[in-house]
Amino acid sequence: LPADCVAPLALLWSFILREICSDDLIQRQRGWKLFLLQRAMLLANRTARGGGRGAVSQTIKARIKRFDKGEWSELFEAYTSWRDNRARRTGHAGTGHAGQVPHNHKSCAELIKRGQLSKAARRLGEQAAFAPVSDETVAALRQLHPSAAGDPDPEVW
């Protein structure tokens, strides 16, 4: 991480932590989403090779500005587009065969059960894939967790 990006990232992480600690459920949900996705949105190395540290610094700072403007969906879409293109180029989709859970996903599930969310997110790294917010996803989650109170708010993001 370039030294000139540390302070802006610290401010950004303070914002995320304030959201997580909020009394408001919607703010807490948004805070956790941002916490889990911020590495992919801000720090994933998607710069062209040969740009040097200055290019990396400029890229991270530009992403931080977009984050501050609330362009979270756009940042995540840029990341997923880059990830999918890279997977097609290299032939590594990062999700294993259909119906097969990759080993690192199993170990991440164990970390999450122990409450080690940061470690689980790091282990997933750039291979993390998230279900889209859709009626099908909500129905699948309701089947898995029928006793969960309240409906998820798709507008939180």
# chains A, B, ... in the order shown; residues from 1 in each chain; ligands from 1

call {"tool": "residues_around", "arguments": {"residues": "Lys33 of chain A", "least_positions_apart": "2", "cutoff": "12 Å", "atoms": "only C-alpha atoms", "output": "PyMOL selection string"}}
result
chain A and resi 16-17+19-20+26-31+35-41+72-73+76+117+121+130+156-157

call {"tool": "residues_around", "arguments": {"residues": "segment 1-9 of chain A", "least_positions_apart": "2", "cutoff": "8 Å", "atoms": "only C-alpha atoms", "output": "PyMOL selection string"}}
result
chain A and resi 11-13+53+56-57+60-61+64

call {"tool": "decode", "arguments": {"residues": "segment 27-45 of chain A", "atoms": "N, CA, C and O atoms", "output": "PDB file, in the first residue's frame"}}
result
ATOM      1  N   GLN A  27     -28.011   1.074   8.417  1.00  0.00           N
ATOM      2  CA  GLN A  27     -26.622   1.536   8.422  1.00  0.00           C
ATOM      3  C   GLN A  27     -25.672   0.394   8.773  1.00  0.00           C
ATOM      4  O   GLN A  27     -24.599   0.281   8.192  1.00  0.00           O
ATOM      5  N   ARG A  28     -26.048  -0.442   9.739  1.00  0.00           N
ATOM      6  CA  ARG A  28     -25.200  -1.586  10.115  1.00  0.00           C
ATOM      7  C   ARG A  28     -25.046  -2.540   8.941  1.00  0.00           C
ATOM      8  O   ARG A  28     -23.942  -3.017   8.664  1.00  0.00           O
ATOM      9  N   GLN A  29     -26.141  -2.841   8.254  1.00  0.00           N
ATOM     10  CA  GLN A  29     -26.074  -3.733   7.092  1.00  0.00           C
ATOM     11  C   GLN A  29     -25.154  -3.158   6.021  1.00  0.00           C
ATOM     12  O   GLN A  29     -24.307  -3.857   5.472  1.00  0.00           O
ATOM     13  N   ARG A  30     -25.331  -1.882   5.739  1.00  0.00           N
ATOM     14  CA  ARG A  30     -24.481  -1.227   4.743  1.00  0.00           C
ATOM     15  C   ARG A  30     -23.025  -1.240   5.188  1.00  0.00           C
ATOM     16  O   ARG A  30     -22.123  -1.511   4.401  1.00  0.00           O
ATOM     17  N   GLY A  31     -22.776  -0.971   6.473  1.00  0.00           N
ATOM     18  CA  GLY A  31     -21.407  -0.983   6.990  1.00  0.00           C
ATOM     19  C   GLY A  31     -20.735  -2.326   6.811  1.00  0.00           C
ATOM     20  O   GLY A  31     -19.583  -2.403   6.389  1.00  0.00           O
ATOM     21  N   TRP A  32     -21.453  -3.401   7.124  1.00  0.00           N
ATOM     22  CA  TRP A  32     -20.856  -4.735   6.967  1.00  0.00           C
ATOM     23  C   TRP A  32     -20.611  -5.062   5.502  1.00  0.00           C
ATOM     24  O   TRP A  32     -19.584  -5.662   5.157  1.00  0.00           O
ATOM     25  N   LYS A  33     -21.528  -4.682   4.627  1.00  0.00           N
ATOM     26  CA  LYS A  33     -21.312  -4.913   3.197  1.00  0.00           C
ATOM     27  C   LYS A  33     -20.056  -4.176   2.729  1.00  0.00           C
ATOM     28  O   LYS A  33     -19.224  -4.736   2.022  1.00  0.00           O
ATOM     29  N   LEU A  34     -19.946  -2.914   3.126  1.00  0.00           N
ATOM     30  CA  LEU A  34     -18.787  -2.126   2.711  1.00  0.00           C
ATOM     31  C   LEU A  34     -17.504  -2.703   3.294  1.00  0.00           C
ATOM     32  O   LEU A  34     -16.473  -2.756   2.625  1.00  0.00           O
ATOM     33  N   PHE A  35     -17.563  -3.147   4.539  1.00  0.00           N
ATOM     34  CA  PHE A  35     -16.392  -3.750   5.171  1.00  0.00           C
ATOM     35  C   PHE A  35     -15.936  -4.984   4.395  1.00  0.00           C
ATOM     36  O   PHE A  35     -14.748  -5.153   4.120  1.00  0.00           O
ATOM     37  N   LEU A  36     -16.882  -5.841   4.037  1.00  0.00           N
ATOM     38  CA  LEU A  36     -16.520  -7.077   3.351  1.00  0.00           C
ATOM     39  C   LEU A  36     -16.103  -6.852   1.905  1.00  0.00           C
ATOM     40  O   LEU A  36     -15.318  -7.626   1.365  1.00  0.00           O
ATOM     41  N   LEU A  37     -16.584  -5.778   1.288  1.00  0.00           N
ATOM     42  CA  LEU A  37     -16.298  -5.550  -0.125  1.00  0.00           C
ATOM     43  C   LEU A  37     -15.207  -4.513  -0.379  1.00  0.00           C
ATOM     44  O   LEU A  37     -14.723  -4.402  -1.496  1.00  0.00           O
ATOM     45  N   GLN A  38     -14.809  -3.765   0.649  1.00  0.00           N
ATOM     46  CA  GLN A  38     -13.888  -2.652   0.421  1.00  0.00           C
ATOM     47  C   GLN A  38     -12.557  -3.096  -0.167  1.00  0.00           C
ATOM     48  O   GLN A  38     -11.963  -2.390  -0.967  1.00  0.00           O
ATOM     49  N   ARG A  39     -12.077  -4.260   0.195  1.00  0.00           N
ATOM     50  CA  ARG A  39     -10.796  -4.708  -0.360  1.00  0.00           C
ATOM     51  C   ARG A  39     -10.890  -4.887  -1.873  1.00  0.00           C
ATOM     52  O   ARG A  39     -10.018  -4.443  -2.616  1.00  0.00           O
ATOM     53  N   ALA A  40     -11.957  -5.526  -2.323  1.00  0.00           N
ATOM     54  CA  ALA A  40     -12.136  -5.721  -3.760  1.00  0.00           C
ATOM     55  C   ALA A  40     -12.376  -4.391  -4.465  1.00  0.00           C
ATOM     56  O   ALA A  40     -11.817  -4.126  -5.527  1.00  0.00           O
ATOM     57  N   MET A  41     -13.204  -3.527  -3.847  1.00  0.00           N
ATOM     58  CA  MET A  41     -13.553  -2.266  -4.500  1.00  0.00           C
ATOM     59  C   MET A  41     -12.382  -1.304  -4.582  1.00  0.00           C
ATOM     60  O   MET A  41     -12.242  -0.564  -5.542  1.00  0.00           O
ATOM     61  N   LEU A  42     -11.532  -1.300  -3.551  1.00  0.00           N
ATOM     62  CA  LEU A  42     -10.505  -0.262  -3.467  1.00  0.00           C
ATOM     63  C   LEU A  42      -9.090  -0.760  -3.736  1.00  0.00           C
ATOM     64  O   LEU A  42      -8.296  -0.068  -4.357  1.00  0.00           O
ATOM     65  N   LEU A  43      -8.748  -1.938  -3.251  1.00  0.00           N
ATOM     66  CA  LEU A  43      -7.349  -2.336  -3.229  1.00  0.00           C
ATOM     67  C   LEU A  43      -6.958  -3.403  -4.244  1.00  0.00           C
ATOM     68  O   LEU A  43      -5.772  -3.665  -4.409  1.00  0.00           O
ATOM     69  N   ALA A  44      -7.918  -4.048  -4.898  1.00  0.00           N
ATOM     70  CA  ALA A  44      -7.569  -5.078  -5.876  1.00  0.00           C
ATOM     71  C   ALA A  44      -6.714  -4.454  -6.965  1.00  0.00           C
ATOM     72  O   ALA A  44      -7.026  -3.390  -7.495  1.00  0.00           O
ATOM     73  N   ASN A  45      -5.603  -5.120  -7.278  1.00  0.00           N
ATOM     74  CA  ASN A  45      -4.658  -4.565  -8.249  1.00  0.00           C
ATOM     75  C   ASN A  45      -5.170  -4.798  -9.658  1.00  0.00           C
ATOM     76  O   ASN A  45      -4.966  -5.850 -10.237  1.00  0.00           O
TER      77      ASN A  45
END
